[in-house]
Amino acid sequence: MKQRTPFILATVFAISAVSAFAADKYAEMDYGRFLSATYTNLEGKTTLDGKGCVTNKGIAIKLGKDATSAVLFDTDLLRMSGGWNGGWIKLKGVAFDGGHGPNPGPAADAKMVFQTNPAPGWSQGDNFKDPRKLPSGPGAATVPFGPIPHEWAKYKGLYLNGDNVVVNYTVGTASVLELPASEESGLISRTFNVSGKGSNAANLLVADALPEATAEISADGKTIAINDNAKAADSRLFVTVIGAPEGAKLESAAGRVSLQLPVFAGGEAFKVIYFKGTAADASKFADLAKASAKPGNLVELTKGGASHWPEVVKAKGELGKDEDGAPYVVDTIPAPVDNAYKSWMRFGGLDFFKDGRAALSTHSGDVWIVSGLDGKLENVVWKRYATGLFQALGLKIVDDEVYVLGRDQITRLHDLNSDGEADFYECFNNDVQVTPGFHEFAFDLQTDPQGNFYFAKGGPVNPGGSGWGPLSDHNGCIFKISKDGQKFEVFATGVRAPNGMGVGPNGEITSGDNQGTWVPVDYIHYVKQGEFIEVPDLAHKPTPPTERPQHLCWIPYDWDNSCGGHVWNTSEKWGPLNGQLLYLSYGKSSLFNVIQERVGEVAQGAVVRFPLKFDTGVMRPRFNPTDGQLYLAGLKGWQTNGAKDAGFHRVRYTGKTACMQNSIHITDKGIHIGFTSPLDPQTAADPQNYSLQLSNYRWTKAYGSPEYKPSNPEEKGRDDINITSVKLAADGKSVLIEVPDLKPVDQFRLKMNIKGADGRDVPAEVGGTINVVAPDAKPGVVYTSLR
Amino acid sequence: MRHSYAAVYLLALASLVHAEEKPLAAPVLPEAPAKSARGLTVTFTAAGKTDTRSARLMTLFVPKGEPVTPFLPAGPFTAKWEGEINSSLRAQYTFHAEVRGSFRLSVNGAVLLETVPGNQLQTISKALQLNKGATKIVAEYSSDGSGDAAIQFKWSSKEFPIEPVPPTVFTHDINAKALREGLRLREGRELFASLRCAACHGDPALIPPRGEGMPELAHDAPVFDELGAKYRETWLAHWINDPHSIRPHSLMPRVFSANPGQVDQRAADLAAFFASTGKADETEISPDLAPLGGALFANLGCIACHTPPEYAEKDEHDRTPLSHLKAKWQPQALRNYLKDPAKNYAWTHMPNSRLTNDEAERLAAFLLAGNQREFPATPKGDAAQGAQLLVSSGCLNCHAGMPPTTQPPLVATLKNSWIKGCMAPTAAARGTAPDFNFTPQQRDALLAFGSTGFGSLKQDTKAEFAERQVTNMRCIACHARDGKSSTWAELESDMGPLQAAAPAEEGEGHPVAGTAVPMLTWFGEKLQTPWMENFIAGNGKYKPRPWIIARMPGFPAVSKGIAEGLAHQHGLPAAPELELPVDKEKAENGSKLISENGGFNCTTCHGVGDRPPTAVFEAPGINLAYSPERLRKGYYHRWVMHPLRIDPESKMPRFADDEGKTPLTDYYDGNAHDQFEAIWQYLRTQKK
């Protein structure tokens with residue numbers, strides 16, 4: 001899109017009032033047959049303050065070819081939260097129109113057919129009581145979150161086949177396939193196939209009507225009519241069961257309609273149909289029910305179906321220019337912005353298959369696979385692989401299987417019929433708790449050498465940014481999930497908006513955070529299991545901590561105001577920075593090398609920015625196993641200086657000499673900085689070319705912290721420190737910047753206007769933290785990590 | 001107006017001659033070792049006379065026909081800035097000068113920039129590597145007086161776009177004798193005006209008519225308006241007896257000399273008279289409101305200029321004490337005063353914070369709470385005697401603008417060389433004259449000023465007026481300036497307990513407490529002068545930053561002078577900037593560039609007119625529709641090009657890289673300036 005034509009100019013004032021504001025890409029996008037999100041009821045209420053179809057982990061499933069009806073399935077409670085006619089969903093909230101606070105809900109014109117209040121979708125015996133514990137600690141919500149116990153019922157995933165979406169879960173020891181559908185005249189049906197024997201009687205939650213309503217139940221117990229509308233005495237919800245197991249019957253108690261079922265023997269197939277009308281529609285409903293098809297065999301729908309997304313996007317990448325001798329250049333792989341499905345490209349996750357193809361997830365819930373990532377990037381092909389995930393901001397490929405992190409769960413994607421599209425969205429683990437808080441994003445997805453998974457979850461920052469919404473037990477935590485997905489544990493607490501973490505070759509767990517409440521500026525932290533990291537409000541302890549652990553380093557605010565992910569350089573094809581930790585700034589669209597040392601048990605270090613430009617908020621780094629180069633994906637989803645909605649870049653090593661900082665030691669003589677290749681002695685040995693500033697931060701509940709002078713803790717600013725001399729090592733590859741009396745300080749900024757031996761500029765700024773000052777005779781140990 | 005300045009100068013010369021009949025001698029300044037401080041020294045020369053002062057920036061703007069300093073005549077002049085420019089390390093910079101006049105910059109003795117002679121607009125630039133630390137610079141400028149005189153001195157580097165060279169990188173010797181002499185003259189001149197010396201020692205030959213010359217000569221004093229309805233008699237007696245014991249910087253002299261520790265009967269008489277002039281509304285204000293008032297005291301910034309009422313120690317920030325308020329005020333009168341401090345005193349330093357009734361009541365409750373200073377009983381006063389004293393003691397000279405009756409005119413005071421009367425160095429020599437509690441330095445400053453013959457009272461410069469009022473009104477108590485934190489920001493730990501006693505509501509729509517108000521450093525370059533004047537006066541139609549509890553209080557008596565003077569300080573005329581009609585093509589592109597549809601997403605944090613921002617989070621922005629009215633265009637471009645260069649704590653992203661390109665290559669090939677200009681044009685089309 002170049003500058004406007006005169007024709008369009010003529011309408012400038014007419015259109016400007018509208019066009020200047022929110023994007024409408026979310027409204028144009030084809031999301032596929034379902035979408036996972038937190039949902040409100042029709043009145044906009046959530047699980048915190050409302051009843052009906054309010055759902056924290058919901059899958060809104062389109063019914064009918066044109067999505068004229070929909071149901072909402074709750075994967076925490078295994079309940080069908082509601083069904084309606086009159087459209088699919090109203091797209092509201094941070095991932096859609098960008099709104100802070102709202103969540104999507106039933107379509108604005110929805111005519112609710114039925115709803116259930118939050119409760120297990122299947123009882124244990126006659127007990128529908130919510131078994132989940134309330135969250136605990138200061139600020140905790142007064143409603144429970146997360147899935148019900150696995151042995152009660154557990155979500156297994158969903159199958160996509162044509163327009164059909166079949167959800168799969170266990171009830172006790174039985175396995176259930178459930179297919180929602182719309183039928184003639186506004187009927188909504190739920191077809192159940194049961195396999196395996198049940199462990200105990202379990203009744204189905206059918207609907208919640210008015211508590212005081214008197215139900216009319218047919219003599220055989222297969223049909224019920226009940227008022228569910230307090231404003232219309234004549235309103236009726238009709239329900240009937242087709243193919244019910246022997247002894248099954250509908251019942252009503254205090255407005256709750258349930259289907260009483262015997263213990264499953266396995267092989268049951270039955271269908272529940274819903275119809276909304278008035279008392280006079282009883283016979284009409286009977287006729288419709290009679291005409292409704294018998295419950296089908298759902299297993300046939302679990303083998304994959306016809307392709308949904310046949311249109312691919314072909315593109316040609318742009319190679320970065322390296323004629324000026326740059327050791328690293330940025331290649332750009334164009335995102336499939338103009339795709340047939342108008343899928344809004346905003347990349348939130350990235351990883352590679354063994355053959356060099358990459359899978360990228362998006363904020364809007366897609367996964368795309370891109371091939372053609374060769375040296376020339378002339379035949380790049382993008383293919384839509386999956387849709388409908390809950391803000392997919394993390395992705396990991398293990399043994400060529402794609403694992404995607406949504407807010408609701410880690411989903412393992414399966415292409416059952418090898419047509420290049422996922423047909424089974426397996427729930428790998430969904431133990432994480434979700435509240436309606438708009439800001440509790442789930443970030444990144446990593447594995448350790450043992451195969452355990454890790455991700456991080458933010459705090460429910462209030463709309464506008466000040467204070468927190470009601471807390472679950474999982475807000476502001478880092479989680480560890482076992483390799484088989486069966487064990488979920490809180491690994492650490494006290495993070496605010498940790499958009500990215502890293503796991504090293506030797507199991508080093510690193511995390512970061514965004515400046516904000518209790519977070520003075522961004523930082524990099526080595527996470528120990530069980531520790532509290534930074535934000536006392538999210539410590540999940542009876543008494544908020546008054547101390548916090550030391551971080552590897554703080555990062556100057558003007559270099560990074562919004563963190564991204566971490567990656568360790570394990571590639572032998574990416575120049576001289578083997579074993580180094582790399583760090584991304586989403587807010588400043590920048591890549592940093594992290595130089596670090598260990599002094600005893602204490603880690604300390606600094607970041608050095610690569611002199612490279614990216615056009616989006618890069619936040620997910622991975623090395624491609626086939627070419628050994630670093631790839632970065634990112635988005636513009638919240639504040640960043642990146643201007644493009646999506647970006648996918650390759651940082652390619654050109655083979656030219658790189659002269660970059662690669663080590664640091666802080667000693668009582670000063671700061672030792674090591675480099676990857678010899679320096680120009682004339683510039684490097686001259687203290688005129690160096691400056692050093694020191695500052696501290698305040699740890700308060702305020703949003704971030706200004707810098708304060710160590711020499712006067714009440715005064716904002718930095719202290720300028722005298723550098724007495726600079727000594728260049730004999731091999732030309734390190735300097736000692738002599739600064740007497742260095743003391744621990746939150747932030748140092750070391751600026752150097754020096755050149756490498758080849759005359760090229762060296763990255764000019766090193767910013768980090770001094771946690772401890774070692775004797776020069778016994779400095780710390782440079783820390784790198786390789787397998 | 002311009003021809004009137006020539007007349008002023010002639011009058012000034014005449015008064016110099018007049019004064020030289022009995023010249024005062026400026027005390028000799030002792031030598032002092034060199035001492036480095038921020039800023040530069042600038043020496044002006046005109047008509048064979050020189051005058052030296054310090055300068056924050058190497059900039060100036062002097063309208064045609066106006067003097068460059070109060071001590072020099074209008075017309076041709078030269079200016080010479082001297083000092084050092086400091087670089088944190090050896091680095092390459094490009095220096096730029098935009099000049100109306102002739103200019104030459106020398107660095108370490110070598111000429112770097114030099115214009116051709118003349119008064120035309122000239123722009124020159126040249127690159128230079130600066131070594132780490134201080135590098136000596138000398139800049140010489142001359143104006144032939146044929147037009148406005150102007151200079152702006154800027155620099156740029158690979159790390160930042162072109163900007164005025166900031167005050168933080170200049171240093172100069174503040175103990176240089178010529179500089180100290182110039183500053184002492186200014187101190188004396190300001191003391192003379194603000195202490196209203198001319199109210200008692202008027203002299204039409206030396207003092208300009210009211211409303212002309214140095215603006216502070218119009219400085220009023222509080223009107224005696226039913227003081228008995230406001231103040232308590234005992235306190236009044238103590239105040240009249242010895243104002244400086246209550247407020248160390250009081251402009252009011254001690255008129256009556258009692259024995260130390262005693263209240264003079266005449267003070268008691270006057271207090272009795274004042275107490276009889278009004279009836280107090282003695283309705284109490286609920287002390288339960290005090291915590292809410294305390295939070296306001298912290299969050300509105302009162303604490304930056306005043307110590308809390310229970311605070312009795314000497315204050316390192318030189319704030320005005322309030323420990324006497326309980327003894328001084330009738331509660332409802334205090335409440336009313338807080339709502340309109342200038343009602344009876346136009347030049348009061350106390351601004352109008354546009355308090356609501358509830359806020360004023362809460363603040364009053366806080367100010368009257370706790371353990372405060374007690375004032376012992378005073379001799380019983382005689383109101384009738386007090387009424388006579390009101391006239392005979394000269395009170396009305398200042399407080400009602402009455403012509404002096406008993407005091408000698410200014411020229412007559414010169415006969416005793418200012419060693420007697422008010423200016424006497426000792427109490428004995430002072431006799432019954434008022435005691436202004438002069439320090440020796442202040443007395444020397446007044447003598448030095450007196451030695452110039454008072455001609456400078458008949459003229460002024462807006463730049464210097466603004467600088468004086470920035471100090472007097474304590475602007476930097478709330479606003480950081482030139483790299484120095486505000487007093488307010490340094491008091492955050494003191495504010496904590498006050499805020500905790502009445503926590504502000506949190507969440508969307510609730511303004512937050514904080515001291516992060518805009519820095520004063522660039523106001524003259526940043527804000528459109530008319531808008532700034534209006535805003536400083538407290539007459540703004542809107543609050544630019546509605547998300548913070550703090551609000552800009554009004555200083556109506558000095559708003560015009562500050563606004564115009566700050567513009568001149570930055571080398572800019574005060575007149576509104578004019579622009580060509582809106583470029584519609586650019587405006588159309590601008591509408592896209594601020595949007596979330598392929599633009600910079602400005603609208604996420606910034607509203608535009610009546611359209612609110614789409615998703616403010618932690619960092620709300622000012623409604624962009626205000627920008628063209630509020631901001632100078634040059635500053636707007638500088639800000640959007642590199643916000644963190646101006647405000648290191650800003651949440652505003654930087655979209656332009658070091659080469660001036662943005663990632664949005666679909667518009668103007670990614671040229672950041674052109675894209676930001678398009679946004680500017682679009683904003684000009686928006687309703688405020």
# chains A, B, ... in the order shown; residues from 1 in each chain; ligands from 1
>>> residues_around(residues="Gly386 of chain B", least_positions_apart="4", cutoff="7 Å", atoms="only C-alpha atoms", output="VMD selection string")
chain B and resid 266 269 to 270 272 to 273 382 390
>>> select_by_dssp(residues="segment 104-341 of chain A", states="helix (DSSP H, G or I)", output="list of chain:residue names")
A:Glu184, A:Ser185, A:Gly186, A:Ala279, A:Ala280, A:Asp281, A:Ala282, A:Ser283, A:Lys284, A:Phe285, A:Ala286, A:Asp287, A:Leu288, A:Ala289, A:Lys290, A:Ala291, A:Leu298, A:Val299, A:Glu300, A:Leu301, A:Thr302
>>> write_last_selection(atoms="C-alpha atoms", output="PDB file, in the first residue's frame")
ATOM      1  CA  GLU A 184     -34.318 -28.287  11.797  1.00  0.00           C
ATOM      2  CA  SER A 185     -36.285 -25.408  13.272  1.00  0.00           C
ATOM      3  CA  GLY A 186     -33.693 -24.321  15.724  1.00  0.00           C
ATOM      4  CA  ALA A 279     -45.887 -23.869  26.136  1.00  0.00           C
ATOM      5  CA  ALA A 280     -47.941 -24.157  22.965  1.00  0.00           C
ATOM      6  CA  ASP A 281     -45.017 -25.690  21.082  1.00  0.00           C
ATOM      7  CA  ALA A 282     -45.071 -29.025  22.899  1.00  0.00           C
ATOM      8  CA  SER A 283     -46.531 -30.943  19.998  1.00  0.00           C
ATOM      9  CA  LYS A 284     -44.327 -29.177  17.508  1.00  0.00           C
ATOM     10  CA  PHE A 285     -41.317 -30.241  19.514  1.00  0.00           C
ATOM     11  CA  ALA A 286     -42.589 -33.786  19.678  1.00  0.00           C
ATOM     12  CA  ASP A 287     -42.812 -33.848  15.889  1.00  0.00           C
ATOM     13  CA  LEU A 288     -39.349 -32.395  15.507  1.00  0.00           C
ATOM     14  CA  ALA A 289     -37.892 -34.872  17.969  1.00  0.00           C
ATOM     15  CA  LYS A 290     -39.515 -37.700  16.137  1.00  0.00           C
ATOM     16  CA  ALA A 291     -37.965 -36.521  12.887  1.00  0.00           C
ATOM     17  CA  LEU A 298     -18.987 -40.647  16.115  1.00  0.00           C
ATOM     18  CA  VAL A 299     -15.900 -42.811  15.833  1.00  0.00           C
ATOM     19  CA  GLU A 300     -16.114 -42.266  12.111  1.00  0.00           C
ATOM     20  CA  LEU A 301     -15.508 -38.614  12.714  1.00  0.00           C
ATOM     21  CA  THR A 302     -12.257 -39.209  14.583  1.00  0.00           C
TER      22      THR A 302
END
>>> atom_distance(atom1="atom CA of Met345 of chain A", atom2="atom CA of Gly105 of chain A")
22.8 Å
>>> closest_atom_pairs(of="chain B", to="chain A", cutoff="6 Å", atoms="only C-alpha atoms", output="JSON lines")
{"residue": "B:Ser88", "atom": "CA", "partner": "A:Ser691", "partner_atom": "CA", "distance": 5.8}
{"residue": "B:Leu89", "atom": "CA", "partner": "A:Asn689", "partner_atom": "CA", "distance": 5.1}
{"residue": "B:Arg90", "atom": "CA", "partner": "A:Asn689", "partner_atom": "CA", "distance": 5.1}
{"residue": "B:Lys132", "atom": "CA", "partner": "A:Gln688", "partner_atom": "CA", "distance": 5.1}
{"residue": "B:Ser485", "atom": "CA", "partner": "A:Lys716", "partner_atom": "CA", "distance": 5.7}
{"residue": "B:Glu490", "atom": "CA", "partner": "A:Glu714", "partner_atom": "CA", "distance": 5.3}
{"residue": "B:Glu506", "atom": "CA", "partner": "A:Ser466", "partner_atom": "CA", "distance": 6.0}
{"residue": "B:Gly507", "atom": "CA", "partner": "A:Ser466", "partner_atom": "CA", "distance": 5.2}
{"residue": "B:Glu508", "atom": "CA", "partner": "A:Gly464", "partner_atom": "CA", "distance": 4.6}
{"residue": "B:Glu585", "atom": "CA", "partner": "A:Leu9", "partner_atom": "CA", "distance": 6.0}
{"residue": "B:Glu588", "atom": "CA", "partner": "A:Val12", "partner_atom": "CA", "distance": 5.3}
{"residue": "B:Ser591", "atom": "CA", "partner": "A:Ala20", "partner_atom": "CA", "distance": 5.2}
{"residue": "B:Lys592", "atom": "CA", "partner": "A:Ala20", "partner_atom": "CA", "distance": 5.8}
{"residue": "B:Ser595", "atom": "CA", "partner": "A:Ala20", "partner_atom": "CA", "distance": 4.5}
{"residue": "B:Glu596", "atom": "CA", "partner": "A:Ala23", "partner_atom": "CA", "distance": 5.1}
{"residue": "B:Asn597", "atom": "CA", "partner": "A:Ala23", "partner_atom": "CA", "distance": 4.9}
{"residue": "B:Phe600", "atom": "CA", "partner": "A:Ala643", "partner_atom": "CA", "distance": 5.8}
{"residue": "B:Ala615", "atom": "CA", "partner": "A:Gly99", "partner_atom": "CA", "distance": 5.5}
{"residue": "B:Val616", "atom": "CA", "partner": "A:Gly464", "partner_atom": "CA", "distance": 5.7}
{"residue": "B:Phe617", "atom": "CA", "partner": "A:Gly464", "partner_atom": "CA", "distance": 4.5}
{"residue": "B:Glu618", "atom": "CA", "partner": "A:Gly465", "partner_atom": "CA", "distance": 4.5}
{"residue": "B:Pro653", "atom": "CA", "partner": "A:Asn641", "partner_atom": "CA", "distance": 5.1}
{"residue": "B:Arg654", "atom": "CA", "partner": "A:Asn641", "partner_atom": "CA", "distance": 5.7}
{"residue": "B:Phe655", "atom": "CA", "partner": "A:Asn641", "partner_atom": "CA", "distance": 5.1}
{"residue": "B:Pro663", "atom": "CA", "partner": "A:Asp615", "partner_atom": "CA", "distance": 5.1}
{"residue": "B:Asp666", "atom": "CA", "partner": "A:Lys2", "partner_atom": "CA", "distance": 5.0}
{"residue": "B:Tyr667", "atom": "CA", "partner": "A:Lys2", "partner_atom": "CA", "distance": 5.8}
>>> select_by_dssp(residues="segment 269-371 of chain A", states="strand (DSSP E)", output="CSV table (one decimal) with C-alpha atoms, in the first residue's frame")
chain,number,residue,atom,x,y,z
A,269,ALA,CA,-25.0,-44.0,21.9
A,270,PHE,CA,-27.7,-41.5,22.7
A,271,LYS,CA,-28.7,-38.0,21.7
A,272,VAL,CA,-30.1,-35.1,23.7
A,273,ILE,CA,-32.0,-32.5,21.7
A,274,TYR,CA,-33.0,-29.0,22.9
A,275,PHE,CA,-35.7,-26.7,21.6
A,276,LYS,CA,-36.8,-23.3,22.7
A,277,GLY,CA,-40.4,-22.3,22.4
A,278,THR,CA,-43.6,-21.6,24.3
A,313,VAL,CA,0.5,-18.7,0.5
A,314,LYS,CA,3.6,-18.6,-1.6
A,315,ALA,CA,6.2,-15.9,-0.9
A,328,TYR,CA,25.1,-11.0,11.1
A,329,VAL,CA,22.4,-9.9,8.7
A,330,VAL,CA,18.6,-10.1,8.9
A,331,ASP,CA,16.7,-12.1,6.3
A,332,THR,CA,12.9,-11.5,6.2
A,347,PHE,CA,3.1,-14.7,15.7
A,348,GLY,CA,3.2,-15.9,19.2
A,349,GLY,CA,5.1,-19.2,19.0
A,350,LEU,CA,7.7,-20.7,16.8
A,351,ASP,CA,9.6,-24.0,16.5
A,352,PHE,CA,11.1,-26.2,13.8
A,358,ALA,CA,8.8,-24.3,10.9
A,359,ALA,CA,5.4,-24.1,12.7
A,360,LEU,CA,4.2,-20.7,14.0
A,361,SER,CA,1.3,-20.0,16.2
A,362,THR,CA,-0.7,-16.8,16.2
A,367,VAL,CA,-0.9,-22.6,13.6
A,368,TRP,CA,0.8,-22.2,10.2
A,369,ILE,CA,3.6,-24.3,8.8
A,370,VAL,CA,6.1,-22.7,6.6
A,371,SER,CA,8.5,-24.6,4.2
>>> atom_distance(atom1="atom CA of His308 of chain A", atom2="atom CA of Gly32 of chain A")
8.1 Å
>>> residues_around(residues="segment 115-120 of chain B", least_positions_apart="5", cutoff="7 Å", atoms="only C-alpha atoms", output="ChimeraX atom specification")
/B:100-104,143-144
>>> atom_distance(atom1="atom CA of Pro310 of chain A", atom2="atom CA of Leu395 of chain A")
22.6 Å
>>> decode(residues="segment 351-374 of chain A", atoms="N, CA and C atoms", output="PDB file, in the first residue's frame")
ATOM      1  N   ASP A 351       8.619 -22.938  16.312  1.00  0.00           N
ATOM      2  CA  ASP A 351       9.621 -23.999  16.454  1.00  0.00           C
ATOM      3  C   ASP A 351       9.775 -24.702  15.115  1.00  0.00           C
ATOM      4  N   PHE A 352      10.791 -25.580  15.080  1.00  0.00           N
ATOM      5  CA  PHE A 352      11.144 -26.214  13.810  1.00  0.00           C
ATOM      6  C   PHE A 352      10.941 -27.732  13.849  1.00  0.00           C
ATOM      7  N   PHE A 353      10.529 -28.263  12.711  1.00  0.00           N
ATOM      8  CA  PHE A 353      10.553 -29.703  12.521  1.00  0.00           C
ATOM      9  C   PHE A 353      11.988 -30.108  12.177  1.00  0.00           C
ATOM     10  N   LYS A 354      12.215 -31.404  12.215  1.00  0.00           N
ATOM     11  CA  LYS A 354      13.571 -31.881  11.942  1.00  0.00           C
ATOM     12  C   LYS A 354      14.026 -31.554  10.515  1.00  0.00           C
ATOM     13  N   ASP A 355      13.060 -31.439   9.595  1.00  0.00           N
ATOM     14  CA  ASP A 355      13.440 -31.186   8.203  1.00  0.00           C
ATOM     15  C   ASP A 355      13.603 -29.697   7.890  1.00  0.00           C
ATOM     16  N   GLY A 356      13.516 -28.859   8.901  1.00  0.00           N
ATOM     17  CA  GLY A 356      13.752 -27.433   8.675  1.00  0.00           C
ATOM     18  C   GLY A 356      12.498 -26.619   8.446  1.00  0.00           C
ATOM     19  N   ARG A 357      11.342 -27.270   8.321  1.00  0.00           N
ATOM     20  CA  ARG A 357      10.107 -26.504   8.254  1.00  0.00           C
ATOM     21  C   ARG A 357       9.824 -25.923   9.641  1.00  0.00           C
ATOM     22  N   ALA A 358       9.084 -24.874   9.664  1.00  0.00           N
ATOM     23  CA  ALA A 358       8.755 -24.254  10.948  1.00  0.00           C
ATOM     24  C   ALA A 358       7.250 -24.225  11.140  1.00  0.00           C
ATOM     25  N   ALA A 359       6.837 -24.295  12.379  1.00  0.00           N
ATOM     26  CA  ALA A 359       5.430 -24.080  12.732  1.00  0.00           C
ATOM     27  C   ALA A 359       5.363 -22.804  13.553  1.00  0.00           C
ATOM     28  N   LEU A 360       4.418 -21.946  13.217  1.00  0.00           N
ATOM     29  CA  LEU A 360       4.245 -20.687  13.955  1.00  0.00           C
ATOM     30  C   LEU A 360       2.793 -20.562  14.401  1.00  0.00           C
ATOM     31  N   SER A 361       2.624 -20.229  15.640  1.00  0.00           N
ATOM     32  CA  SER A 361       1.266 -20.024  16.159  1.00  0.00           C
ATOM     33  C   SER A 361       0.976 -18.528  16.183  1.00  0.00           C
ATOM     34  N   THR A 362      -0.311 -18.187  16.242  1.00  0.00           N
ATOM     35  CA  THR A 362      -0.693 -16.772  16.209  1.00  0.00           C
ATOM     36  C   THR A 362      -1.555 -16.406  17.405  1.00  0.00           C
ATOM     37  N   HIS A 363      -1.556 -15.109  17.674  1.00  0.00           N
ATOM     38  CA  HIS A 363      -2.344 -14.573  18.781  1.00  0.00           C
ATOM     39  C   HIS A 363      -3.839 -14.861  18.579  1.00  0.00           C
ATOM     40  N   SER A 364      -4.249 -14.981  17.314  1.00  0.00           N
ATOM     41  CA  SER A 364      -5.656 -15.241  17.011  1.00  0.00           C
ATOM     42  C   SER A 364      -5.985 -16.726  17.031  1.00  0.00           C
ATOM     43  N   GLY A 365      -5.011 -17.584  17.315  1.00  0.00           N
ATOM     44  CA  GLY A 365      -5.319 -18.988  17.563  1.00  0.00           C
ATOM     45  C   GLY A 365      -4.990 -19.948  16.458  1.00  0.00           C
ATOM     46  N   ASP A 366      -4.268 -19.517  15.433  1.00  0.00           N
ATOM     47  CA  ASP A 366      -3.886 -20.396  14.330  1.00  0.00           C
ATOM     48  C   ASP A 366      -2.516 -21.016  14.568  1.00  0.00           C
ATOM     49  N   VAL A 367      -2.252 -22.091  13.785  1.00  0.00           N
ATOM     50  CA  VAL A 367      -0.892 -22.573  13.593  1.00  0.00           C
ATOM     51  C   VAL A 367      -0.684 -22.702  12.098  1.00  0.00           C
ATOM     52  N   TRP A 368       0.402 -22.129  11.626  1.00  0.00           N
ATOM     53  CA  TRP A 368       0.776 -22.214  10.213  1.00  0.00           C
ATOM     54  C   TRP A 368       2.128 -22.907  10.114  1.00  0.00           C
ATOM     55  N   ILE A 369       2.283 -23.664   9.022  1.00  0.00           N
ATOM     56  CA  ILE A 369       3.562 -24.330   8.776  1.00  0.00           C
ATOM     57  C   ILE A 369       4.189 -23.706   7.539  1.00  0.00           C
ATOM     58  N   VAL A 370       5.452 -23.392   7.668  1.00  0.00           N
ATOM     59  CA  VAL A 370       6.144 -22.736   6.556  1.00  0.00           C
ATOM     60  C   VAL A 370       7.307 -23.619   6.115  1.00  0.00           C
ATOM     61  N   SER A 371       7.405 -23.782   4.802  1.00  0.00           N
ATOM     62  CA  SER A 371       8.501 -24.554   4.223  1.00  0.00           C
ATOM     63  C   SER A 371       9.271 -23.666   3.246  1.00  0.00           C
ATOM     64  N   GLY A 372      10.382 -24.186   2.808  1.00  0.00           N
ATOM     65  CA  GLY A 372      11.202 -23.411   1.858  1.00  0.00           C
ATOM     66  C   GLY A 372      12.176 -22.479   2.539  1.00  0.00           C
ATOM     67  N   LEU A 373      12.528 -22.800   3.764  1.00  0.00           N
ATOM     68  CA  LEU A 373      13.457 -21.917   4.502  1.00  0.00           C
ATOM     69  C   LEU A 373      14.896 -22.296   4.173  1.00  0.00           C
ATOM     70  N   ASP A 374      15.211 -22.174   2.906  1.00  0.00           N
ATOM     71  CA  ASP A 374      16.567 -22.507   2.484  1.00  0.00           C
ATOM     72  C   ASP A 374      17.400 -21.239   2.357  1.00  0.00           C
TER      73      ASP A 374
END
